[in-house]
$ cat final.csv   # CSV, C-alpha atoms
chain,number,residue,atom,x,y,z
A,740,MET,CA,5.4,-1.9,21.9
A,741,ALA,CA,2.1,-1.5,19.9
A,742,TYR,CA,1.9,-3.6,16.8
A,743,ARG,CA,2.2,-1.6,13.5
A,744,GLU,CA,0.9,-2.8,10.2
A,745,PRO,CA,3.8,-3.4,7.8
A,746,ILE,CA,4.3,-0.9,5.0
A,747,GLN,CA,3.5,-2.5,1.7
A,748,LEU,CA,5.8,-2.1,-1.3
A,749,VAL,CA,6.3,-3.8,-4.6
A,750,GLY,CA,9.6,-4.2,-6.4
A,751,GLY,CA,12.1,-6.6,-8.0
A,752,THR,CA,15.0,-8.6,-6.7
A,753,GLY,CA,17.1,-7.2,-9.6
A,754,SER,CA,16.1,-3.6,-8.7
A,755,PRO,CA,18.9,-1.7,-6.9
A,756,TYR,CA,16.4,0.8,-5.5
A,757,THR,CA,14.2,-2.0,-4.1
A,758,GLN,CA,17.2,-3.6,-2.4
A,759,LYS,CA,18.2,-0.1,-1.1
A,760,MET,CA,14.9,0.4,0.6
A,761,VAL,CA,14.4,-3.1,1.9
A,762,ALA,CA,17.9,-3.1,3.5
A,763,LEU,CA,17.2,0.3,5.0
A,764,MET,CA,13.9,-0.8,6.5
A,765,ARG,CA,15.6,-3.9,7.9
A,766,TYR,CA,18.2,-1.7,9.6
A,767,ARG,CA,15.6,0.7,10.9
A,768,ARG,CA,13.3,-2.2,12.0
A,769,VAL,CA,10.4,-0.7,10.1
A,770,PRO,CA,7.8,-3.4,9.6
A,771,TYR,CA,7.4,-4.0,5.8
A,772,ALA,CA,5.8,-6.5,3.4
A,773,VAL,CA,7.4,-6.7,0.0
A,774,ASN,CA,5.6,-8.1,-3.1
A,775,TRP,CA,8.1,-9.2,-5.7
A,776,GLY,CA,6.2,-8.2,-8.8
A,777,ILE,CA,5.4,-5.4,-11.3
A,778,PRO,CA,4.2,-2.2,-9.7
A,779,SER,CA,1.7,-1.3,-12.4
A,780,GLU,CA,0.1,-4.7,-12.2
A,781,ILE,CA,-0.2,-4.5,-8.4
A,782,CYS,CA,-1.7,-1.0,-8.6
A,783,ASP,CA,-4.3,-2.3,-11.1
A,784,ALA,CA,-5.1,-5.3,-8.8
A,785,MET,CA,-5.5,-3.0,-5.8
A,786,GLY,CA,-7.4,-0.3,-7.7
A,787,VAL,CA,-4.9,2.3,-6.8
A,788,GLU,CA,-3.9,5.2,-9.0
A,789,LYS,CA,-0.5,4.8,-10.5
A,790,PRO,CA,2.2,7.4,-9.8
A,791,LYS,CA,3.7,9.0,-12.9
A,792,PRO,CA,6.3,7.8,-13.7
A,793,ILE,CA,5.9,4.4,-12.0
A,794,PHE,CA,9.0,2.4,-11.1
A,795,GLU,CA,10.5,0.0,-8.6
A,796,PRO,CA,10.0,0.1,-5.7
A,797,THR,CA,6.5,1.5,-5.4
A,798,PHE,CA,5.3,2.0,-1.8
A,799,PHE,CA,1.7,2.1,-0.7
A,800,PHE,CA,0.9,4.5,2.1
A,801,GLN,CA,-2.3,5.2,3.9
A,802,GLU,CA,-3.4,8.8,3.5
A,803,ASP,CA,-6.7,10.1,4.9
A,804,GLY,CA,-8.2,6.6,4.7
A,805,ASN,CA,-7.0,6.0,1.2
A,806,THR,CA,-4.1,4.1,-0.3
A,807,LYS,CA,-1.6,6.1,-2.3
A,808,ALA,CA,1.1,4.6,-4.4
A,809,VAL,CA,4.4,6.5,-4.1
A,810,CYS,CA,7.8,6.1,-5.8
A,811,ASP,CA,11.3,7.7,-5.4
A,812,SER,CA,13.5,6.3,-2.6
A,813,THR,CA,15.1,9.6,-1.4
A,814,PRO,CA,11.9,11.4,-0.3
A,815,ILE,CA,10.5,8.1,1.0
A,816,ILE,CA,13.5,7.8,3.3
A,817,ARG,CA,12.7,11.2,4.7
A,818,ARG,CA,9.0,10.3,5.0
A,819,LEU,CA,9.9,7.2,7.0
A,820,GLU,CA,12.1,9.3,9.3
A,821,ASP,CA,8.9,11.4,10.2
A,822,THR,CA,6.7,8.4,10.8
A,823,HIS,CA,9.1,5.9,12.5
A,824,SER,CA,11.4,7.1,15.2
A,825,GLY,CA,14.8,5.7,16.2
A,826,ARG,CA,17.7,4.3,14.3
A,827,SER,CA,17.9,7.3,12.0
A,828,VAL,CA,19.9,7.2,8.7
A,829,LEU,CA,20.1,11.0,8.6
A,830,PRO,CA,23.1,12.6,10.5
A,831,THR,CA,22.1,15.3,13.0
A,832,ASP,CA,25.1,17.5,12.0
A,833,PRO,CA,23.7,19.6,9.0
A,834,ALA,CA,27.1,19.6,7.3
A,835,LEU,CA,27.5,15.8,7.6
A,836,ALA,CA,23.9,15.3,6.5
A,837,PHE,CA,24.6,17.3,3.3
A,838,VAL,CA,27.6,15.2,2.5
A,839,ASP,CA,25.5,12.1,3.1
A,840,TYR,CA,22.9,13.6,0.6
A,841,LEU,CA,25.7,14.0,-2.0
A,842,ILE,CA,26.7,10.4,-1.6
A,843,GLU,CA,23.1,9.1,-1.9
A,844,ASP,CA,22.5,11.2,-5.0
A,845,PHE,CA,25.7,10.0,-6.6
A,846,ALA,CA,24.7,6.4,-5.9
A,847,ASP,CA,21.2,6.8,-7.2
A,848,GLU,CA,22.1,8.8,-10.3
A,849,TRP,CA,25.6,7.9,-11.3
A,850,CYS,CA,26.4,4.5,-9.9
A,851,THR,CA,23.3,3.2,-11.6
A,852,LYS,CA,25.2,3.8,-14.8
A,853,TYR,CA,27.7,1.2,-13.7
A,854,MET,CA,24.9,-1.2,-12.9
A,855,PHE,CA,23.0,-0.7,-16.2
A,856,HIS,CA,26.1,-0.8,-18.3
A,857,PHE,CA,27.6,-3.9,-16.8
A,858,ARG,CA,24.2,-5.7,-16.9
A,859,TRP,CA,23.5,-5.1,-20.6
A,860,HIS,CA,26.7,-4.2,-22.4
A,861,LYS,CA,28.3,-7.6,-22.7
A,862,LYS,CA,26.5,-10.7,-24.0
A,863,LEU,CA,27.4,-12.8,-21.0
A,864,ASP,CA,25.9,-10.4,-18.5
A,865,ALA,CA,22.9,-9.6,-20.7
A,866,GLY,CA,22.1,-13.3,-21.0
A,867,ASN,CA,22.4,-13.8,-17.2
A,868,ALA,CA,20.1,-10.9,-16.5
A,869,ALA,CA,17.6,-11.8,-19.2
A,870,THR,CA,17.4,-15.3,-17.9
A,871,LEU,CA,17.0,-14.5,-14.2
A,872,LEU,CA,14.9,-11.4,-14.1
A,873,PRO,CA,11.7,-13.0,-15.5
A,874,LEU,CA,12.2,-15.9,-13.1
A,875,SER,CA,12.5,-13.6,-10.2
A,876,MET,CA,8.9,-12.6,-10.8
A,877,ASN,CA,7.7,-16.2,-11.3
A,878,VAL,CA,10.1,-19.0,-10.6
A,879,SER,CA,7.5,-21.5,-12.0
A,880,MET,CA,7.2,-19.7,-15.3
A,881,PRO,CA,6.6,-22.2,-18.1
A,882,LYS,CA,9.6,-22.8,-20.4
A,883,ASP,CA,8.1,-21.3,-23.5
A,884,THR,CA,6.8,-18.3,-21.7
A,885,HIS,CA,10.2,-17.8,-20.1
A,886,LYS,CA,12.0,-18.0,-23.4
A,887,GLU,CA,9.7,-15.4,-25.0
A,888,PHE,CA,10.0,-13.1,-21.9
A,889,LYS,CA,13.8,-13.6,-21.8
A,890,ASN,CA,14.2,-12.5,-25.4
A,891,TRP,CA,11.9,-9.5,-25.0
A,892,VAL,CA,13.8,-8.3,-21.9
A,893,GLU,CA,17.2,-8.6,-23.4
A,894,GLU,CA,16.3,-6.9,-26.7
A,895,ARG,CA,14.5,-4.1,-24.9
A,896,GLN,CA,17.2,-3.4,-22.3
A,897,VAL,CA,20.2,-3.7,-24.6
A,898,SER,CA,18.5,-1.2,-27.0
A,899,ARG,CA,18.2,1.2,-24.1
A,900,LEU,CA,21.9,1.4,-23.2
A,901,TYR,CA,22.1,4.8,-24.9
A,902,VAL,CA,19.8,6.2,-22.3
A,903,VAL,CA,22.6,6.0,-19.6
A,904,GLY,CA,25.4,6.9,-22.1
A,905,SER,CA,26.7,3.4,-22.4
A,906,ASN,CA,28.3,2.6,-25.8
A,907,ASP,CA,31.6,1.4,-27.2
A,908,THR,CA,33.2,4.8,-26.8
A,909,THR,CA,32.2,5.3,-23.1
A,910,ALA,CA,32.6,1.6,-22.1
A,911,PRO,CA,36.2,2.1,-21.1
A,912,VAL,CA,35.4,5.3,-19.2
A,913,ILE,CA,32.6,3.5,-17.2
A,914,ASP,CA,34.9,0.6,-16.5
A,915,THR,CA,37.7,2.9,-15.3
A,916,SER,CA,35.3,5.0,-13.2
A,917,TYR,CA,33.9,1.8,-11.6
A,918,ARG,CA,37.3,0.6,-10.7
A,919,ARG,CA,38.3,3.9,-9.2
A,920,PHE,CA,35.0,3.9,-7.2
A,921,LEU,CA,35.8,0.4,-5.9
A,922,LEU,CA,39.3,1.4,-5.0
A,923,ALA,CA,38.0,4.4,-3.1
A,924,MET,CA,35.6,2.1,-1.3
A,925,GLU,CA,38.4,-0.3,-0.5
A,926,ASN,CA,40.6,2.5,1.0
A,927,HIS,CA,37.7,4.0,2.9
A,928,LEU,CA,36.4,0.8,4.4
A,929,ALA,CA,39.9,0.0,5.7
A,930,ASN,CA,39.3,3.0,8.0
A,931,GLN,CA,35.7,2.8,9.1
A,932,ASN,CA,32.7,0.5,8.7
A,933,PHE,CA,30.4,2.9,6.8
A,934,MET,CA,30.9,6.0,4.7
A,935,LEU,CA,30.4,8.6,7.6
A,936,GLY,CA,31.4,6.6,10.6
A,937,ASN,CA,30.4,3.4,12.4
A,938,ARG,CA,26.7,3.5,11.6
A,939,PRO,CA,25.1,3.6,8.1
A,940,ALA,CA,23.5,6.7,6.6
A,941,ALA,CA,21.1,7.1,3.7
A,942,GLY,CA,24.1,7.3,1.3
A,943,ASP,CA,25.4,3.9,2.5
A,944,PHE,CA,22.0,2.3,1.5
A,945,GLY,CA,22.1,4.1,-1.8
A,946,LEU,CA,25.5,2.7,-2.6
A,947,TYR,CA,24.4,-0.7,-1.3
A,948,GLY,CA,21.4,-0.8,-3.6
A,949,GLN,CA,23.6,-0.4,-6.7
A,950,LEU,CA,26.3,-2.7,-5.4
A,951,SER,CA,23.8,-5.4,-4.5
A,952,GLN,CA,23.5,-5.9,-8.2
A,953,LEU,CA,27.1,-5.1,-9.3
A,954,VAL,CA,28.5,-7.5,-6.7
A,955,GLY,CA,25.6,-9.9,-6.2
A,956,PHE,CA,24.0,-10.3,-9.6
A,957,ASP,CA,26.0,-9.4,-12.7
A,958,PRO,CA,29.1,-11.6,-13.5
A,959,THR,CA,31.5,-9.1,-15.0
A,960,SER,CA,31.1,-6.3,-12.4
A,961,ARG,CA,31.2,-9.0,-9.7
A,962,ALA,CA,34.6,-10.3,-11.0
A,963,ILE,CA,36.0,-6.7,-11.1
A,964,ALA,CA,34.8,-6.0,-7.5
A,965,SER,CA,36.4,-9.2,-6.2
A,966,GLU,CA,39.7,-8.2,-7.9
A,967,VAL,CA,39.7,-4.6,-6.9
A,968,SER,CA,37.9,-4.4,-3.5
A,969,PRO,CA,37.3,-7.5,-1.4
A,970,ARG,CA,36.3,-5.2,1.4
A,971,THR,CA,33.4,-3.9,-0.7
A,972,VAL,CA,32.3,-7.4,-1.6
A,973,ALA,CA,32.2,-8.2,2.2
A,974,TRP,CA,30.5,-4.9,3.0
A,975,VAL,CA,27.7,-5.7,0.5
A,976,ASP,CA,26.9,-8.9,2.3
A,977,LEU,CA,26.9,-7.1,5.7
A,978,MET,CA,24.8,-4.2,4.5
A,979,ARG,CA,22.0,-6.5,3.4
A,980,ASP,CA,20.9,-6.8,7.1
A,981,GLN,CA,22.2,-4.5,9.7
A,982,SER,CA,19.2,-4.9,12.0
A,983,GLY,CA,21.4,-6.2,14.8
A,984,LEU,CA,23.6,-3.1,14.9
A,985,GLU,CA,22.9,-0.9,17.9
A,986,PRO,CA,24.0,2.6,16.8
A,987,THR,CA,24.8,5.5,19.1
A,988,GLU,CA,25.0,9.2,18.3
A,989,LYS,CA,28.8,9.2,18.7
A,990,ASP,CA,29.0,6.7,15.8
A,991,TRP,CA,28.6,9.6,13.4
A,992,LEU,CA,32.0,11.1,12.8
A,993,ILE,CA,31.9,14.9,12.3
A,994,LEU,CA,33.4,16.2,9.0
A,995,GLU,CA,36.6,17.3,10.7
A,996,ASP,CA,37.1,13.7,12.1
A,997,GLN,CA,36.4,11.9,8.8
A,998,ALA,CA,39.2,9.7,7.4
A,999,ASP,CA,41.0,11.3,4.5
A,1000,SER,CA,39.9,8.3,2.4
A,1001,LEU,CA,36.4,9.9,2.2
A,1002,ARG,CA,37.9,12.3,-0.3
A,1003,GLY,CA,38.6,9.5,-2.7
A,1004,LEU,CA,34.8,8.8,-3.0
A,1005,LEU,CA,34.1,12.6,-3.2
A,1006,SER,CA,36.7,13.0,-5.9
A,1007,GLU,CA,34.9,10.4,-8.1
A,1008,ILE,CA,31.7,12.4,-7.6
A,1009,GLY,CA,33.6,15.5,-8.7
A,1010,SER,CA,35.4,14.1,-11.7
A,1011,MET,CA,32.4,12.1,-13.2
A,1012,TYR,CA,29.1,13.1,-11.8
A,1013,ALA,CA,29.6,16.8,-11.5
A,1014,PRO,CA,30.4,17.4,-15.2
A,1015,ALA,CA,27.6,15.1,-16.3
A,1016,GLN,CA,25.1,17.0,-14.1
A,1017,LEU,CA,26.2,20.4,-15.4
A,1018,ALA,CA,26.0,19.3,-19.0
A,1019,ASN,CA,22.6,17.7,-18.4
A,1020,VAL,CA,21.0,20.7,-16.8
A,1021,LYS,CA,22.3,23.0,-19.5
A,1022,ALA,CA,20.7,20.7,-22.1
A,1023,VAL,CA,17.4,20.5,-20.2
A,1024,MET,CA,17.2,24.3,-19.8
A,1025,ALA,CA,17.8,24.7,-23.5
A,1026,GLY,CA,15.1,22.2,-24.4
A,1027,GLU,CA,17.7,19.8,-26.0
A,1028,LYS,CA,16.9,16.1,-25.9
A,1029,SER,CA,20.5,15.0,-25.5
A,1030,TRP,CA,23.8,16.4,-24.3
A,1031,GLU,CA,27.5,15.9,-25.1
A,1032,ALA,CA,30.4,16.6,-22.8
A,1033,LYS,CA,34.0,15.5,-22.4
A,1034,ILE,CA,34.2,13.4,-19.2
A,1035,ASP,CA,37.4,11.7,-18.1
A,1036,GLY,CA,39.0,12.4,-21.5
A,1037,ALA,CA,36.2,10.9,-23.6
A,1038,VAL,CA,33.2,12.3,-25.4
A,1039,TRP,CA,30.1,11.4,-23.5
A,1040,THR,CA,26.7,11.6,-25.2
A,1041,GLN,CA,23.4,10.6,-23.7
A,1042,GLN,CA,19.7,11.5,-23.4
A,1043,SER,CA,18.9,14.5,-21.3
A,1044,PHE,CA,17.0,13.8,-18.1
A,1045,PRO,CA,14.8,16.5,-16.5
A,1046,TYR,CA,14.7,14.5,-13.3
A,1047,GLN,CA,18.5,14.6,-12.9
A,1048,ALA,CA,18.3,18.4,-13.5
A,1049,LYS,CA,15.9,18.5,-10.6
A,1050,CYS,CA,18.4,16.5,-8.5
A,1051,LEU,CA,21.0,19.1,-9.2
A,1052,ARG,CA,18.6,21.9,-8.2
A,1053,TRP,CA,17.6,20.0,-5.0
A,1054,THR,CA,21.3,19.5,-4.1
A,1055,ASN,CA,21.9,23.2,-4.5
A,1056,GLU,CA,18.9,24.2,-2.5
A,1057,TYR,CA,20.1,22.0,0.3
A,1058,TYR,CA,23.6,23.5,0.1
A,1059,GLN,CA,22.2,27.0,0.1
A,1060,ALA,CA,20.1,26.3,3.1
A,1061,LEU,CA,23.1,25.4,5.2
A,1062,SER,CA,24.3,28.1,7.6
A,1063,GLU,CA,27.4,30.0,6.5
A,1064,SER,CA,29.6,28.2,9.0
A,1065,ASP,CA,28.3,24.7,7.9
A,1066,ARG,CA,28.8,25.6,4.2
A,1067,ALA,CA,32.4,26.6,5.1
A,1068,ARG,CA,32.9,23.2,6.7
A,1069,VAL,CA,31.5,21.4,3.7
A,1070,ASP,CA,33.7,23.6,1.4
A,1071,THR,CA,36.8,22.7,3.3
A,1072,LEU,CA,36.1,19.0,2.9
A,1073,LEU,CA,35.2,19.3,-0.8
A,1074,GLU,CA,38.2,21.5,-1.7
A,1075,GLY,CA,40.1,19.9,-4.6
A,1076,THR,CA,37.5,17.2,-5.3
A,1077,GLY,CA,35.7,18.9,-8.1
A,1078,VAL,CA,32.3,18.7,-6.4
A,1079,ALA,CA,32.2,22.4,-5.9
A,1080,ALA,CA,31.7,22.9,-9.6
A,1081,MET,CA,28.1,21.8,-9.3
A,1082,LEU,CA,27.3,23.8,-6.1
A,1083,SER,CA,26.3,27.4,-5.8
A,1084,SER,CA,25.8,29.5,-2.6
A,1085,ASP,CA,23.7,32.1,-4.4

$ encode --input "final.csv" --output "structure tokens"
Amino acid sequence: MAYREPIQLVGGTGSPYTQKMVALMRYRRVPYAVNWGIPSEICDAMGVEKPKPIFEPTFFFQEDGNTKAVCDSTPIIRRLEDTHSGRSVLPTDPALAFVDYLIEDFADEWCTKYMFHFRWHKKLDAGNAATLLPLSMNVSMPKDTHKEFKNWVEERQVSRLYVVGSNDTTAPVIDTSYRRFLLAMENHLANQNFMLGNRPAAGDFGLYGQLSQLVGFDPTSRAIASEVSPRTVAWVDLMRDQSGLEPTEKDWLILEDQADSLRGLLSEIGSMYAPAQLANVKAVMAGEKSWEAKIDGAVWTQQSFPYQAKCLRWTNEYYQALSESDRARVDTLLEGTGVAAMLSSD
């Protein structure tokens, strides 16, 4: 096999999306070199134009002899599928691939609310994160510098809780949703090793990224996970490195053969993520900076996100691109979960 230069990326140990992509590349055996640092600083050092917005992880790809910095894990996964063959994380069955896309989108855009909330809402967790995150960039940081950096990180991140809708009113809703999600994972993992069979798909890595923090970094969410779903705790450890797994095509289970427990995960998407997405896109289309909706019996208010409105549009474009027969198969699986509310065949 010819040697391939490793793909360069920069991110943080406390970044769920960085952990998502590093675990995915381990599984796919894609050579990579990760720099644990700040993307904007690395771009400056390399003399590379920064993507807008710039966030973790940032990948550096070679295009026409030039280095281009690229963010956003979901399209990067599809890009890697085009450039590196074998050990795919995208199911070949179009209907199954769509469900995988739903799970990945839910992980990236809703489960991250669990992560950000549990990391910064309580003093214990905020203190833990503010202490460790600066050291993850420089473990030899001088004490005075670390103290100053710690205080800045904690103040900044706690002040941004409103961005994901975390406040005293929604805290019980987020806690309840997180516990339901963990219970759904516990039930599903009792039936199969991964969300869609016995090989991981992109959605598995999306969930792993968020859970790598919820289970492996933040004290309160870790304690809840250990109580509610020991299978999820064990799964997170296993997902970190699946490079030894030898997947086969038959390891994908078609929709009709999926365990009924998959519906538990889909129901959480339908009850929480779907109404949030619909309220957000309505606000974005109206030019409103925030939105309010009743979710799981509580009033939810948060900042509007144009990117999440794009996510909903992309999900619908994917759904509409399915053949009539594959859409019918998806509809049968989703019936009664609430997910259909955010899908349109027109």

$ residues_around --input "final.csv" --residues "Asn877 (chain A)" --least-positions-apart "4" --cutoff "9 Å" --atoms "only C-alpha atoms" --output "MDAnalysis selection string"
chainID A and resid 775:776 873

$ atom_distance --input "final.csv" --atom1 "CA of Arg1068 (chain A)" --atom2 "CA of Asp943 (chain A)"
21.1 Å

$ closest_residue --input "final.csv" --among "A:Val972, A:Ala865, A:Val967, A:Ile842" --to "Arg1002 (chain A)" --atoms "all atoms listed in the file"
A:Ile842

$ atom_distance --input "final.csv" --atom1 "CA of Ile1034 (chain A)" --atom2 "CA of Asp839 (chain A)"
24.0 Å

$ closest_residue --input "final.csv" --among "A:Ser965, A:Asn926, A:Ser1083, A:Thr884" --to "Leu1004 (chain A)" --atoms "all atoms listed in the file"
A:Asn926

$ closest_residue --input "final.csv" --among "A:Ile1008, A:Ala1060, A:Ile816, A:Ala808" --to "Met785 (chain A)" --atoms "only C-alpha atoms"
A:Ala808

$ residues_around --input "final.csv" --residues "Thr813 (chain A)" --least-positions-apart "5" --cutoff "10 Å" --atoms "all atoms listed in the file" --output "ChimeraX atom specification"
/A:756,760,818,840,843-844,847,941-942,945

$ decode --input "final.csv" --residues "region 780-828 of chain A" --atoms "C-alpha atoms" --output "mmCIF file, in the first residue's frame"
data_model
loop_
_atom_site.group_PDB
_atom_site.id
_atom_site.type_symbol
_atom_site.label_atom_id
_atom_site.label_comp_id
_atom_site.auth_asym_id
_atom_site.auth_seq_id
_atom_site.Cartn_x
_atom_site.Cartn_y
_atom_site.Cartn_z
ATOM 1 C CA GLU A 780 -3.764 30.633 15.734
ATOM 2 C CA ILE A 781 -2.725 27.650 13.634
ATOM 3 C CA CYS A 782 -4.163 29.269 10.504
ATOM 4 C CA ASP A 783 -2.186 32.422 11.243
ATOM 5 C CA ALA A 784 0.987 30.425 11.836
ATOM 6 C CA MET A 785 0.504 28.553 8.556
ATOM 7 C CA GLY A 786 -0.494 31.651 6.612
ATOM 8 C CA VAL A 787 -3.779 30.005 5.630
ATOM 9 C CA GLU A 788 -7.026 31.916 5.148
ATOM 10 C CA LYS A 789 -9.438 31.268 8.013
ATOM 11 C CA PRO A 790 -12.839 29.776 7.254
ATOM 12 C CA LYS A 791 -15.831 31.853 8.371
ATOM 13 C CA PRO A 792 -16.899 30.927 10.943
ATOM 14 C CA ILE A 793 -13.899 29.059 12.274
ATOM 15 C CA PHE A 794 -14.341 26.372 14.921
ATOM 16 C CA GLU A 795 -13.019 23.019 16.115
ATOM 17 C CA PRO A 796 -11.978 20.896 14.410
ATOM 18 C CA THR A 797 -10.472 22.724 11.464
ATOM 19 C CA PHE A 798 -9.085 20.483 8.702
ATOM 20 C CA PHE A 799 -6.357 21.450 6.273
ATOM 21 C CA PHE A 800 -6.822 19.997 2.801
ATOM 22 C CA GLN A 801 -4.601 20.365 -0.232
ATOM 23 C CA GLU A 802 -6.471 21.859 -3.185
ATOM 24 C CA ASP A 803 -4.678 22.664 -6.453
ATOM 25 C CA GLY A 804 -1.364 22.943 -4.641
ATOM 26 C CA ASN A 805 -2.730 25.238 -1.958
ATOM 27 C CA THR A 806 -3.727 24.557 1.654
ATOM 28 C CA LYS A 807 -7.355 25.258 2.478
ATOM 29 C CA ALA A 808 -8.779 25.346 6.002
ATOM 30 C CA VAL A 809 -12.218 23.696 6.244
ATOM 31 C CA CYS A 810 -14.711 23.274 9.096
ATOM 32 C CA ASP A 811 -18.030 21.395 9.588
ATOM 33 C CA SER A 812 -17.772 17.692 10.353
ATOM 34 C CA THR A 813 -20.760 16.418 8.340
ATOM 35 C CA PRO A 814 -19.562 17.501 4.872
ATOM 36 C CA ILE A 815 -15.982 16.587 5.820
ATOM 37 C CA ILE A 816 -17.141 13.018 6.495
ATOM 38 C CA ARG A 817 -18.616 12.894 2.957
ATOM 39 C CA ARG A 818 -15.423 14.381 1.534
ATOM 40 C CA LEU A 819 -13.327 11.680 3.206
ATOM 41 C CA GLU A 820 -15.637 9.040 1.717
ATOM 42 C CA ASP A 821 -14.713 10.362 -1.746
ATOM 43 C CA THR A 822 -10.968 10.450 -1.094
ATOM 44 C CA HIS A 823 -10.454 7.347 1.062
ATOM 45 C CA SER A 824 -12.061 4.047 0.094
ATOM 46 C CA GLY A 825 -13.146 1.225 2.379
ATOM 47 C CA ARG A 826 -14.646 0.994 5.840
ATOM 48 C CA SER A 827 -17.426 3.418 4.926
ATOM 49 C CA VAL A 828 -19.577 5.045 7.611
#
